Amino acid sequence: MKGAGKVLSSVEERRNEICRHLAIAHFLSVGELARRVGFSIATVKRDLAGLEQQGFVRREHGGAVLVEQAKLDVPYFMKMARTSEERDKDALAGVVQHLIHDDMTLILDSSTTCLHVIQQLTKFKGLHIITNGVATAALLAERTNAEVCILGGVVSTHHQTVNGAKAYNDMLSYNADLAILSCRGFDARVGATEISEGEAILKQAMRRQAAEVALLATAEKNRKRFVYQSLSCSDLNCLVTDADLSPEDLSLLESSGIDLLQPGA
């Protein structure tokens, strides 16, 4: 249908904007949302119904609240739309660059956290980078001079990532100096966890094929646990985080031999 792509794009952009406003204000009435996004109340009501069906918002008391983001499997491009606002991830990327040098072979996972690392990689020469992220590979090819390899397998349209048995087996054919990975949750008592089994299993393969692993975890991920274990503390060489860790957590990291790197430290 003529114009269908443009209409779909505007719907997605409008719903992303609604989610951004709810993330800041927590609760907004339908009327206030309509004023902020510049569309009619009827249009916003339809958008909220769609977002609620997808599990992103909950409608209540004439308005809506955003469902806790840590528990959501948010579409990848909705996450990408927020990357320019994620100063915490920029700060972690600025720290992890000190672990990188020319001519290294790196593994980057498909997380939006690792998207922030890409700009730092423009400073280095002769890099070889392996990733399972479709957008990650495209941005690496566009913005760096690195040789970029993307793992084979089926692309998840929801995440723009390649997981599964083929990707796992493909990962085992590579060797890397350093894997730079993120997670859905990190707890110093158990390690890193995910909400997707495929993602967790692939990160285990990434860890297996890397000489060292640096885990990037923003403060909001600290002391969060999800169903699938991706990395144990013994798998990690370095934790890069902006979290205010407790004495207990610091002791656990030290006993596991994990180096702690923090912005401003």
# chains A, B, ... in the order shown; residues from 1 in each chain; ligands from 1
>>> residues_around(residues="Phe226 of chain A", least_positions_apart="3", cutoff="10 Å", atoms="only C-alpha atoms", output="PyMOL selection string")
chain A and resi 70-71+183-187+192-196+229-230
>>> write_last_selection(atoms="N, CA, C and O atoms", output="compact mmCIF listing (two decimals), in the first residue's frame")
# COMPACT_ATOMS: atom_id res chain seq x y z
N ALA A 70 13.44 -3.19 33.45
CA ALA A 70 14.36 -4.31 33.64
C ALA A 70 13.69 -5.65 33.33
O ALA A 70 14.35 -6.63 33.02
N LYS A 71 12.34 -5.68 33.42
CA LYS A 71 11.63 -6.94 33.20
C LYS A 71 11.08 -7.07 31.78
O LYS A 71 10.44 -8.04 31.44
N CYS A 183 24.88 -7.34 30.10
CA CYS A 183 23.97 -8.32 30.68
C CYS A 183 22.65 -7.65 31.02
O CYS A 183 22.54 -6.42 31.00
N ARG A 184 21.66 -8.44 31.35
CA ARG A 184 20.40 -7.88 31.82
C ARG A 184 20.45 -7.58 33.32
O ARG A 184 19.87 -6.63 33.81
N GLY A 185 21.19 -8.43 34.04
CA GLY A 185 21.35 -8.21 35.47
C GLY A 185 22.68 -8.74 35.95
O GLY A 185 23.23 -9.69 35.38
N PHE A 186 23.22 -8.11 37.01
CA PHE A 186 24.47 -8.60 37.61
C PHE A 186 24.34 -8.60 39.13
O PHE A 186 23.88 -7.63 39.72
N ASP A 187 24.77 -9.71 39.71
CA ASP A 187 24.79 -9.85 41.16
C ASP A 187 26.12 -10.48 41.53
O ASP A 187 26.48 -11.53 40.98
N ALA A 192 26.38 -12.82 36.00
CA ALA A 192 25.51 -12.14 35.03
C ALA A 192 24.38 -13.04 34.59
O ALA A 192 24.57 -14.25 34.39
N THR A 193 23.20 -12.45 34.39
CA THR A 193 22.03 -13.22 33.99
C THR A 193 21.27 -12.52 32.88
O THR A 193 21.43 -11.31 32.65
N GLU A 194 20.42 -13.29 32.17
CA GLU A 194 19.66 -12.80 31.02
C GLU A 194 18.22 -13.27 31.11
O GLU A 194 17.90 -14.19 31.88
N ILE A 195 17.34 -12.67 30.30
CA ILE A 195 15.96 -13.16 30.21
C ILE A 195 15.78 -14.09 29.02
O ILE A 195 14.73 -14.71 28.87
N SER A 196 16.82 -14.19 28.16
CA SER A 196 16.75 -15.04 26.97
C SER A 196 17.75 -16.18 27.09
O SER A 196 18.95 -15.95 27.32
N GLN A 229 21.44 -18.00 33.51
CA GLN A 229 22.81 -17.64 33.85
C GLN A 229 23.66 -17.56 32.58
O GLN A 229 23.69 -18.50 31.79
N SER A 230 24.32 -16.43 32.38
CA SER A 230 25.20 -16.30 31.21
C SER A 230 26.66 -16.41 31.61
O SER A 230 27.44 -17.11 30.96
>>> residues_around(residues="His128 of chain A", least_positions_apart="6", cutoff="12 Å", atoms="only C-alpha atoms", output="CSV table (one decimal) with C-alpha atoms, in the first residue's frame")
chain,number,residue,atom,x,y,z
A,100,ILE,CA,41.9,-2.0,24.2
A,101,HIS,CA,45.0,-1.6,22.1
A,102,ASP,CA,45.8,-1.7,18.4
A,103,ASP,CA,45.6,-5.1,16.5
A,104,MET,CA,43.4,-6.8,19.1
A,105,THR,CA,40.7,-9.3,18.3
A,106,LEU,CA,37.5,-8.3,20.2
A,107,ILE,CA,34.1,-9.8,20.8
A,108,LEU,CA,31.2,-7.4,21.2
A,121,LEU,CA,37.0,2.0,18.8
A,137,ALA,CA,28.1,-4.9,12.8
A,140,LEU,CA,31.3,-1.0,13.2
A,141,ALA,CA,31.6,-1.2,9.4
A,144,THR,CA,35.6,2.1,12.2
A,145,ASN,CA,38.4,0.6,10.1
A,146,ALA,CA,38.1,-2.7,11.9
A,147,GLU,CA,37.6,-6.1,10.1
A,148,VAL,CA,34.1,-7.0,11.2
A,149,CYS,CA,32.7,-10.5,11.4
A,150,ILE,CA,29.1,-11.2,12.2
A,174,TYR,CA,36.9,-17.8,16.6
A,175,ASN,CA,39.5,-16.8,19.2
A,176,ALA,CA,39.7,-13.4,20.7
A,177,ASP,CA,41.9,-11.4,23.1
A,178,LEU,CA,39.0,-9.7,24.8
A,179,ALA,CA,35.2,-10.1,25.0
>>> residues_around(residues="Ile41 of chain A", least_positions_apart="4", cutoff="12 Å", atoms="only C-alpha atoms", output="VMD selection string")
chain A and resid 29 to 37 45 to 48 62 to 63
>>> write_last_selection(atoms="N, CA and C atoms", output="CSV table (one decimal), in the first residue's frame")
chain,number,residue,atom,x,y,z
A,29,SER,N,-1.3,11.5,32.4
A,29,SER,CA,-2.7,11.3,32.0
A,29,SER,C,-2.7,11.2,30.4
A,30,VAL,N,-3.8,10.7,29.9
A,30,VAL,CA,-3.9,10.7,28.4
A,30,VAL,C,-3.9,12.1,27.8
A,31,GLY,N,-4.6,13.0,28.5
A,31,GLY,CA,-4.6,14.4,28.0
A,31,GLY,C,-3.2,15.0,27.9
A,32,GLU,N,-2.4,14.7,29.0
A,32,GLU,CA,-1.0,15.3,29.1
A,32,GLU,C,-0.1,14.6,28.0
A,33,LEU,N,-0.3,13.3,27.8
A,33,LEU,CA,0.5,12.7,26.8
A,33,LEU,C,0.2,13.2,25.4
A,34,ALA,N,-1.1,13.4,25.2
A,34,ALA,CA,-1.6,14.0,23.9
A,34,ALA,C,-0.9,15.3,23.6
A,35,ARG,N,-0.9,16.2,24.7
A,35,ARG,CA,-0.3,17.5,24.6
A,35,ARG,C,1.2,17.4,24.3
A,36,ARG,N,1.9,16.4,24.9
A,36,ARG,CA,3.3,16.3,24.8
A,36,ARG,C,3.8,15.8,23.4
A,37,VAL,N,3.0,14.8,22.9
A,37,VAL,CA,3.4,14.2,21.6
A,37,VAL,C,2.7,14.9,20.4
A,45,LYS,N,-4.8,7.2,22.9
A,45,LYS,CA,-5.5,6.1,23.5
A,45,LYS,C,-5.2,4.8,22.7
A,46,ARG,N,-5.3,4.9,21.4
A,46,ARG,CA,-5.0,3.7,20.5
A,46,ARG,C,-3.5,3.3,20.7
A,47,ASP,N,-2.6,4.2,20.8
A,47,ASP,CA,-1.2,3.9,21.0
A,47,ASP,C,-1.0,3.2,22.4
A,48,LEU,N,-1.6,3.7,23.4
A,48,LEU,CA,-1.5,3.1,24.7
A,48,LEU,C,-2.1,1.7,24.8
A,62,GLY,N,-7.0,6.9,34.1
A,62,GLY,CA,-7.1,7.9,33.1
A,62,GLY,C,-5.8,8.2,32.4
A,63,GLY,N,-4.8,7.4,32.7
A,63,GLY,CA,-3.5,7.6,32.1
A,63,GLY,C,-2.7,6.3,31.9
>>> residues_around(residues="Leu99 of chain A", least_positions_apart="5", cutoff="10 Å", atoms="only C-alpha atoms", output="ChimeraX atom specification")
/A:178,180,214,238
>>> residues_around(residues="Glu254 of chain A", least_positions_apart="2", cutoff="12 Å", atoms="only C-alpha atoms", output="number ranges by chain")
A: 188-189, 233-234, 236-239, 247-252, 256-260
>>> write_last_selection(atoms="C-alpha atoms", output="mmCIF file, in the first residue's frame")
data_model
loop_
_atom_site.group_PDB
_atom_site.id
_atom_site.type_symbol
_atom_site.label_atom_id
_atom_site.label_comp_id
_atom_site.auth_asym_id
_atom_site.auth_seq_id
_atom_site.Cartn_x
_atom_site.Cartn_y
_atom_site.Cartn_z
ATOM 1 C CA ALA A 188 28.207 -10.327 42.754
ATOM 2 C CA ARG A 189 26.886 -13.481 44.405
ATOM 3 C CA CYS A 233 31.854 -14.487 38.578
ATOM 4 C CA SER A 234 34.700 -16.908 37.852
ATOM 5 C CA LEU A 236 34.984 -12.472 34.558
ATOM 6 C CA ASN A 237 38.300 -10.679 34.560
ATOM 7 C CA CYS A 238 36.911 -7.192 34.900
ATOM 8 C CA LEU A 239 33.659 -5.480 35.911
ATOM 9 C CA PRO A 247 31.223 -3.687 51.098
ATOM 10 C CA GLU A 248 29.824 -7.212 50.688
ATOM 11 C CA ASP A 249 29.810 -6.903 46.894
ATOM 12 C CA LEU A 250 33.339 -5.486 46.869
ATOM 13 C CA SER A 251 34.530 -8.388 48.988
ATOM 14 C CA LEU A 252 32.873 -10.908 46.666
ATOM 15 C CA SER A 256 36.584 -13.904 42.691
ATOM 16 C CA GLY A 257 39.649 -12.093 41.350
ATOM 17 C CA ILE A 258 37.577 -9.553 39.402
ATOM 18 C CA ASP A 259 39.150 -6.163 38.719
ATOM 19 C CA LEU A 260 36.707 -3.312 39.316
#
>>> residues_around(residues="Ala64 of chain A", least_positions_apart="3", cutoff="9 Å", atoms="only C-alpha atoms", output="compact mmCIF listing (two decimals) with all heavy atoms, in the first residue's frame")
# COMPACT_ATOMS: atom_id res chain seq x y z
N LEU A 22 6.90 8.68 29.51
CA LEU A 22 6.50 7.92 30.68
C LEU A 22 7.71 7.49 31.51
O LEU A 22 7.63 7.40 32.73
CB LEU A 22 5.69 6.69 30.25
CG LEU A 22 4.28 6.97 29.73
CD1 LEU A 22 3.64 5.68 29.21
CD2 LEU A 22 3.41 7.61 30.81
N HIS A 26 6.99 8.85 34.91
CA HIS A 26 6.39 7.64 35.51
C HIS A 26 4.91 7.53 35.16
O HIS A 26 4.49 6.57 34.53
CB HIS A 26 6.60 7.58 37.03
CG HIS A 26 6.05 6.31 37.63
ND1 HIS A 26 6.56 5.07 37.28
CD2 HIS A 26 5.06 6.10 38.51
CE1 HIS A 26 5.89 4.14 37.93
NE2 HIS A 26 4.99 4.73 38.69
N PHE A 27 4.08 8.50 35.58
CA PHE A 27 2.66 8.47 35.23
C PHE A 27 2.28 9.76 34.52
O PHE A 27 2.66 10.85 34.94
CB PHE A 27 1.79 8.31 36.48
CG PHE A 27 0.30 8.47 36.19
CD1 PHE A 27 -0.44 7.39 35.75
CD2 PHE A 27 -0.32 9.70 36.33
CE1 PHE A 27 -1.80 7.53 35.45
CE2 PHE A 27 -1.67 9.86 36.04
CZ PHE A 27 -2.41 8.77 35.60
N LEU A 28 1.50 9.62 33.43
CA LEU A 28 0.95 10.79 32.75
C LEU A 28 -0.48 10.48 32.33
O LEU A 28 -0.80 9.35 31.94
CB LEU A 28 1.78 11.15 31.51
CG LEU A 28 3.15 11.79 31.74
CD1 LEU A 28 3.92 11.88 30.44
CD2 LEU A 28 3.01 13.16 32.39
N SER A 29 -1.34 11.48 32.42
CA SER A 29 -2.71 11.31 31.95
C SER A 29 -2.72 11.25 30.43
O SER A 29 -1.78 11.69 29.76
CB SER A 29 -3.57 12.48 32.42
OG SER A 29 -3.19 13.67 31.76
N VAL A 30 -3.81 10.74 29.89
CA VAL A 30 -3.94 10.66 28.44
C VAL A 30 -3.90 12.05 27.83
O VAL A 30 -3.23 12.28 26.81
CB VAL A 30 -5.25 9.95 28.05
CG1 VAL A 30 -5.47 10.01 26.53
CG2 VAL A 30 -5.23 8.50 28.51
N LEU A 48 -1.64 3.73 23.40
CA LEU A 48 -1.50 3.13 24.73
C LEU A 48 -2.07 1.71 24.75
O LEU A 48 -1.51 0.82 25.39
CB LEU A 48 -2.21 3.99 25.78
CG LEU A 48 -1.54 5.33 26.10
CD1 LEU A 48 -2.41 6.14 27.05
CD2 LEU A 48 -0.15 5.10 26.69
N VAL A 57 3.43 -0.73 28.64
CA VAL A 57 2.80 0.20 29.57
C VAL A 57 1.62 -0.49 30.26
O VAL A 57 1.14 -1.54 29.81
CB VAL A 57 2.30 1.49 28.87
CG1 VAL A 57 3.43 2.16 28.10
CG2 VAL A 57 1.11 1.21 27.96
N ARG A 58 1.17 0.14 31.32
CA ARG A 58 -0.05 -0.30 32.01
C ARG A 58 -0.97 0.91 32.14
O ARG A 58 -0.58 1.94 32.68
CB ARG A 58 0.29 -0.87 33.39
CG ARG A 58 -0.92 -1.43 34.12
CD ARG A 58 -0.54 -2.13 35.40
NE ARG A 58 0.07 -1.22 36.38
CZ ARG A 58 1.35 -1.20 36.67
NH1 ARG A 58 2.20 -2.02 36.08
NH2 ARG A 58 1.84 -0.34 37.57
N ARG A 59 -2.19 0.80 31.60
CA ARG A 59 -3.14 1.90 31.67
C ARG A 59 -3.85 1.89 33.03
O ARG A 59 -4.31 0.85 33.48
CB ARG A 59 -4.16 1.79 30.54
CG ARG A 59 -3.56 2.07 29.17
CD ARG A 59 -4.60 2.00 28.08
NE ARG A 59 -5.07 0.64 27.88
CZ ARG A 59 -6.07 0.29 27.06
NH1 ARG A 59 -6.71 1.23 26.40
NH2 ARG A 59 -6.43 -0.97 26.92
N GLU A 60 -3.94 3.05 33.66
CA GLU A 60 -4.63 3.16 34.94
C GLU A 60 -4.98 4.62 35.23
O GLU A 60 -4.27 5.53 34.85
CB GLU A 60 -3.76 2.60 36.07
CG GLU A 60 -2.39 3.24 36.20
CD GLU A 60 -1.55 2.60 37.30
OE1 GLU A 60 -1.52 1.36 37.40
OE2 GLU A 60 -0.94 3.37 38.05
N HIS A 61 -6.13 4.82 35.89
CA HIS A 61 -6.57 6.13 36.38
C HIS A 61 -6.54 7.21 35.30
O HIS A 61 -6.07 8.32 35.52
CB HIS A 61 -5.71 6.57 37.56
CG HIS A 61 -5.58 5.55 38.64
ND1 HIS A 61 -6.68 5.02 39.29
CD2 HIS A 61 -4.49 4.95 39.18
CE1 HIS A 61 -6.27 4.14 40.19
NE2 HIS A 61 -4.95 4.07 40.13
>>> residues_around(residues="Asn163 of chain A", least_positions_apart="3", cutoff="8 Å", atoms="only C-alpha atoms", output="VMD selection string")
chain A and resid 132 153 to 156 166 to 168 198 to 199 202
>>> select_by_dssp(residues="segment 51-230 of chain A", states="strand (DSSP E)", output="count of residues only")
50
>>> select_by_dssp(residues="segment 18-234 of chain A", states="alpha helix (DSSP H)", output="ChimeraX atom specification")
/A:18-25,30-37,41-54,76-80,87-96,112-115,118-121,134-143,165-171,197-208
>>> atom_distance(atom1="atom CA of Leu253 of chain A", atom2="atom CA of Ser110 of chain A")
25.2 Å
>>> decode(residues="segment 186-225 of chain A", atoms="N, CA and C atoms", output="PDB file, in the first residue's frame")
ATOM      1  N   PHE A 186      23.225  -8.111  37.010  1.00  0.00           N
ATOM      2  CA  PHE A 186      24.473  -8.597  37.609  1.00  0.00           C
ATOM      3  C   PHE A 186      24.342  -8.599  39.126  1.00  0.00           C
ATOM      4  N   ASP A 187      24.768  -9.708  39.710  1.00  0.00           N
ATOM      5  CA  ASP A 187      24.791  -9.850  41.162  1.00  0.00           C
ATOM      6  C   ASP A 187      26.124 -10.477  41.528  1.00  0.00           C
ATOM      7  N   ALA A 188      26.873  -9.842  42.401  1.00  0.00           N
ATOM      8  CA  ALA A 188      28.207 -10.327  42.754  1.00  0.00           C
ATOM      9  C   ALA A 188      28.176 -11.708  43.388  1.00  0.00           C
ATOM     10  N   ARG A 189      26.997 -12.151  43.805  1.00  0.00           N
ATOM     11  CA  ARG A 189      26.886 -13.481  44.405  1.00  0.00           C
ATOM     12  C   ARG A 189      26.710 -14.579  43.363  1.00  0.00           C
ATOM     13  N   VAL A 190      26.203 -14.221  42.183  1.00  0.00           N
ATOM     14  CA  VAL A 190      25.935 -15.256  41.173  1.00  0.00           C
ATOM     15  C   VAL A 190      26.559 -14.971  39.812  1.00  0.00           C
ATOM     16  N   GLY A 191      26.775 -13.701  39.475  1.00  0.00           N
ATOM     17  CA  GLY A 191      27.309 -13.348  38.173  1.00  0.00           C
ATOM     18  C   GLY A 191      26.284 -12.634  37.315  1.00  0.00           C
ATOM     19  N   ALA A 192      26.377 -12.823  35.998  1.00  0.00           N
ATOM     20  CA  ALA A 192      25.513 -12.135  35.035  1.00  0.00           C
ATOM     21  C   ALA A 192      24.375 -13.045  34.586  1.00  0.00           C
ATOM     22  N   THR A 193      23.205 -12.455  34.395  1.00  0.00           N
ATOM     23  CA  THR A 193      22.028 -13.224  33.990  1.00  0.00           C
ATOM     24  C   THR A 193      21.273 -12.517  32.877  1.00  0.00           C
ATOM     25  N   GLU A 194      20.422 -13.287  32.174  1.00  0.00           N
ATOM     26  CA  GLU A 194      19.661 -12.796  31.023  1.00  0.00           C
ATOM     27  C   GLU A 194      18.216 -13.266  31.113  1.00  0.00           C
ATOM     28  N   ILE A 195      17.339 -12.672  30.298  1.00  0.00           N
ATOM     29  CA  ILE A 195      15.963 -13.156  30.209  1.00  0.00           C
ATOM     30  C   ILE A 195      15.776 -14.094  29.021  1.00  0.00           C
ATOM     31  N   SER A 196      16.817 -14.192  28.164  1.00  0.00           N
ATOM     32  CA  SER A 196      16.748 -15.044  26.975  1.00  0.00           C
ATOM     33  C   SER A 196      17.755 -16.181  27.094  1.00  0.00           C
ATOM     34  N   GLU A 197      17.278 -17.402  26.933  1.00  0.00           N
ATOM     35  CA  GLU A 197      18.173 -18.557  27.016  1.00  0.00           C
ATOM     36  C   GLU A 197      19.220 -18.527  25.904  1.00  0.00           C
ATOM     37  N   GLY A 198      18.790 -18.180  24.688  1.00  0.00           N
ATOM     38  CA  GLY A 198      19.720 -18.147  23.564  1.00  0.00           C
ATOM     39  C   GLY A 198      20.835 -17.149  23.767  1.00  0.00           C
ATOM     40  N   GLU A 199      20.490 -15.994  24.317  1.00  0.00           N
ATOM     41  CA  GLU A 199      21.481 -14.959  24.567  1.00  0.00           C
ATOM     42  C   GLU A 199      22.480 -15.412  25.631  1.00  0.00           C
ATOM     43  N   ALA A 200      21.962 -16.058  26.667  1.00  0.00           N
ATOM     44  CA  ALA A 200      22.831 -16.532  27.746  1.00  0.00           C
ATOM     45  C   ALA A 200      23.806 -17.587  27.248  1.00  0.00           C
ATOM     46  N   ILE A 201      23.321 -18.521  26.453  1.00  0.00           N
ATOM     47  CA  ILE A 201      24.177 -19.596  25.949  1.00  0.00           C
ATOM     48  C   ILE A 201      25.248 -19.057  25.017  1.00  0.00           C
ATOM     49  N   LEU A 202      24.881 -18.093  24.157  1.00  0.00           N
ATOM     50  CA  LEU A 202      25.864 -17.527  23.237  1.00  0.00           C
ATOM     51  C   LEU A 202      26.953 -16.774  23.997  1.00  0.00           C
ATOM     52  N   LYS A 203      26.597 -16.093  25.062  1.00  0.00           N
ATOM     53  CA  LYS A 203      27.603 -15.375  25.846  1.00  0.00           C
ATOM     54  C   LYS A 203      28.560 -16.343  26.544  1.00  0.00           C
ATOM     55  N   GLN A 204      28.076 -17.532  26.855  1.00  0.00           N
ATOM     56  CA  GLN A 204      28.965 -18.550  27.413  1.00  0.00           C
ATOM     57  C   GLN A 204      30.011 -18.956  26.376  1.00  0.00           C
ATOM     58  N   ALA A 205      29.580 -19.058  25.115  1.00  0.00           N
ATOM     59  CA  ALA A 205      30.533 -19.378  24.042  1.00  0.00           C
ATOM     60  C   ALA A 205      31.512 -18.231  23.830  1.00  0.00           C
ATOM     61  N   MET A 206      31.026 -17.006  23.907  1.00  0.00           N
ATOM     62  CA  MET A 206      31.907 -15.845  23.766  1.00  0.00           C
ATOM     63  C   MET A 206      32.970 -15.844  24.856  1.00  0.00           C
ATOM     64  N   ARG A 207      32.547 -16.167  26.061  1.00  0.00           N
ATOM     65  CA  ARG A 207      33.491 -16.216  27.159  1.00  0.00           C
ATOM     66  C   ARG A 207      34.533 -17.323  26.928  1.00  0.00           C
ATOM     67  N   ARG A 208      34.059 -18.461  26.448  1.00  0.00           N
ATOM     68  CA  ARG A 208      34.943 -19.611  26.223  1.00  0.00           C
ATOM     69  C   ARG A 208      36.033 -19.291  25.214  1.00  0.00           C
ATOM     70  N   GLN A 209      35.728 -18.483  24.204  1.00  0.00           N
ATOM     71  CA  GLN A 209      36.673 -18.211  23.117  1.00  0.00           C
ATOM     72  C   GLN A 209      37.504 -16.943  23.329  1.00  0.00           C
ATOM     73  N   ALA A 210      37.332 -16.280  24.458  1.00  0.00           N
ATOM     74  CA  ALA A 210      38.080 -15.045  24.728  1.00  0.00           C
ATOM     75  C   ALA A 210      39.106 -15.273  25.835  1.00  0.00           C
ATOM     76  N   ALA A 211      40.275 -14.696  25.648  1.00  0.00           N
ATOM     77  CA  ALA A 211      41.302 -14.799  26.688  1.00  0.00           C
ATOM     78  C   ALA A 211      40.874 -14.072  27.957  1.00  0.00           C
ATOM     79  N   GLU A 212      40.177 -12.935  27.791  1.00  0.00           N
ATOM     80  CA  GLU A 212      39.691 -12.171  28.943  1.00  0.00           C
ATOM     81  C   GLU A 212      38.297 -11.634  28.654  1.00  0.00           C
ATOM     82  N   VAL A 213      37.546 -11.385  29.732  1.00  0.00           N
ATOM     83  CA  VAL A 213      36.181 -10.877  29.604  1.00  0.00           C
ATOM     84  C   VAL A 213      36.013  -9.639  30.470  1.00  0.00           C
ATOM     85  N   ALA A 214      35.491  -8.571  29.862  1.00  0.00           N
ATOM     86  CA  ALA A 214      35.101  -7.368  30.593  1.00  0.00           C
ATOM     87  C   ALA A 214      33.584  -7.250  30.523  1.00  0.00           C
ATOM     88  N   LEU A 215      32.936  -7.200  31.673  1.00  0.00           N
ATOM     89  CA  LEU A 215      31.480  -7.062  31.731  1.00  0.00           C
ATOM     90  C   LEU A 215      31.119  -5.622  32.046  1.00  0.00           C
ATOM     91  N   LEU A 216      30.270  -5.024  31.191  1.00  0.00           N
ATOM     92  CA  LEU A 216      29.793  -3.660  31.400  1.00  0.00           C
ATOM     93  C   LEU A 216      28.382  -3.724  31.961  1.00  0.00           C
ATOM     94  N   ALA A 217      28.178  -3.120  33.127  1.00  0.00           N
ATOM     95  CA  ALA A 217      26.862  -3.158  33.770  1.00  0.00           C
ATOM     96  C   ALA A 217      26.569  -1.822  34.436  1.00  0.00           C
ATOM     97  N   THR A 218      25.537  -1.137  33.967  1.00  0.00           N
ATOM     98  CA  THR A 218      25.154   0.132  34.584  1.00  0.00           C
ATOM     99  C   THR A 218      24.541  -0.124  35.956  1.00  0.00           C
ATOM    100  N   ALA A 219      24.436   0.951  36.743  1.00  0.00           N
ATOM    101  CA  ALA A 219      23.975   0.831  38.128  1.00  0.00           C
ATOM    102  C   ALA A 219      22.597   0.186  38.223  1.00  0.00           C
ATOM    103  N   GLU A 220      21.733   0.444  37.239  1.00  0.00           N
ATOM    104  CA  GLU A 220      20.375  -0.107  37.301  1.00  0.00           C
ATOM    105  C   GLU A 220      20.354  -1.632  37.202  1.00  0.00           C
ATOM    106  N   LYS A 221      21.446  -2.230  36.746  1.00  0.00           N
ATOM    107  CA  LYS A 221      21.503  -3.687  36.617  1.00  0.00           C
ATOM    108  C   LYS A 221      22.072  -4.379  37.854  1.00  0.00           C
ATOM    109  N   ASN A 222      22.610  -3.583  38.770  1.00  0.00           N
ATOM    110  CA  ASN A 222      23.256  -4.158  39.940  1.00  0.00           C
ATOM    111  C   ASN A 222      22.248  -4.834  40.856  1.00  0.00           C
ATOM    112  N   ARG A 223      22.630  -6.023  41.334  1.00  0.00           N
ATOM    113  CA  ARG A 223      21.804  -6.837  42.231  1.00  0.00           C
ATOM    114  C   ARG A 223      20.475  -7.241  41.597  1.00  0.00           C
ATOM    115  N   LYS A 224      20.450  -7.340  40.286  1.00  0.00           N
ATOM    116  CA  LYS A 224      19.282  -7.859  39.565  1.00  0.00           C
ATOM    117  C   LYS A 224      19.614  -9.263  39.063  1.00  0.00           C
ATOM    118  N   ARG A 225      18.662 -10.170  39.235  1.00  0.00           N
ATOM    119  CA  ARG A 225      18.840 -11.543  38.767  1.00  0.00           C
ATOM    120  C   ARG A 225      17.697 -11.928  37.833  1.00  0.00           C
TER     121      ARG A 225
END
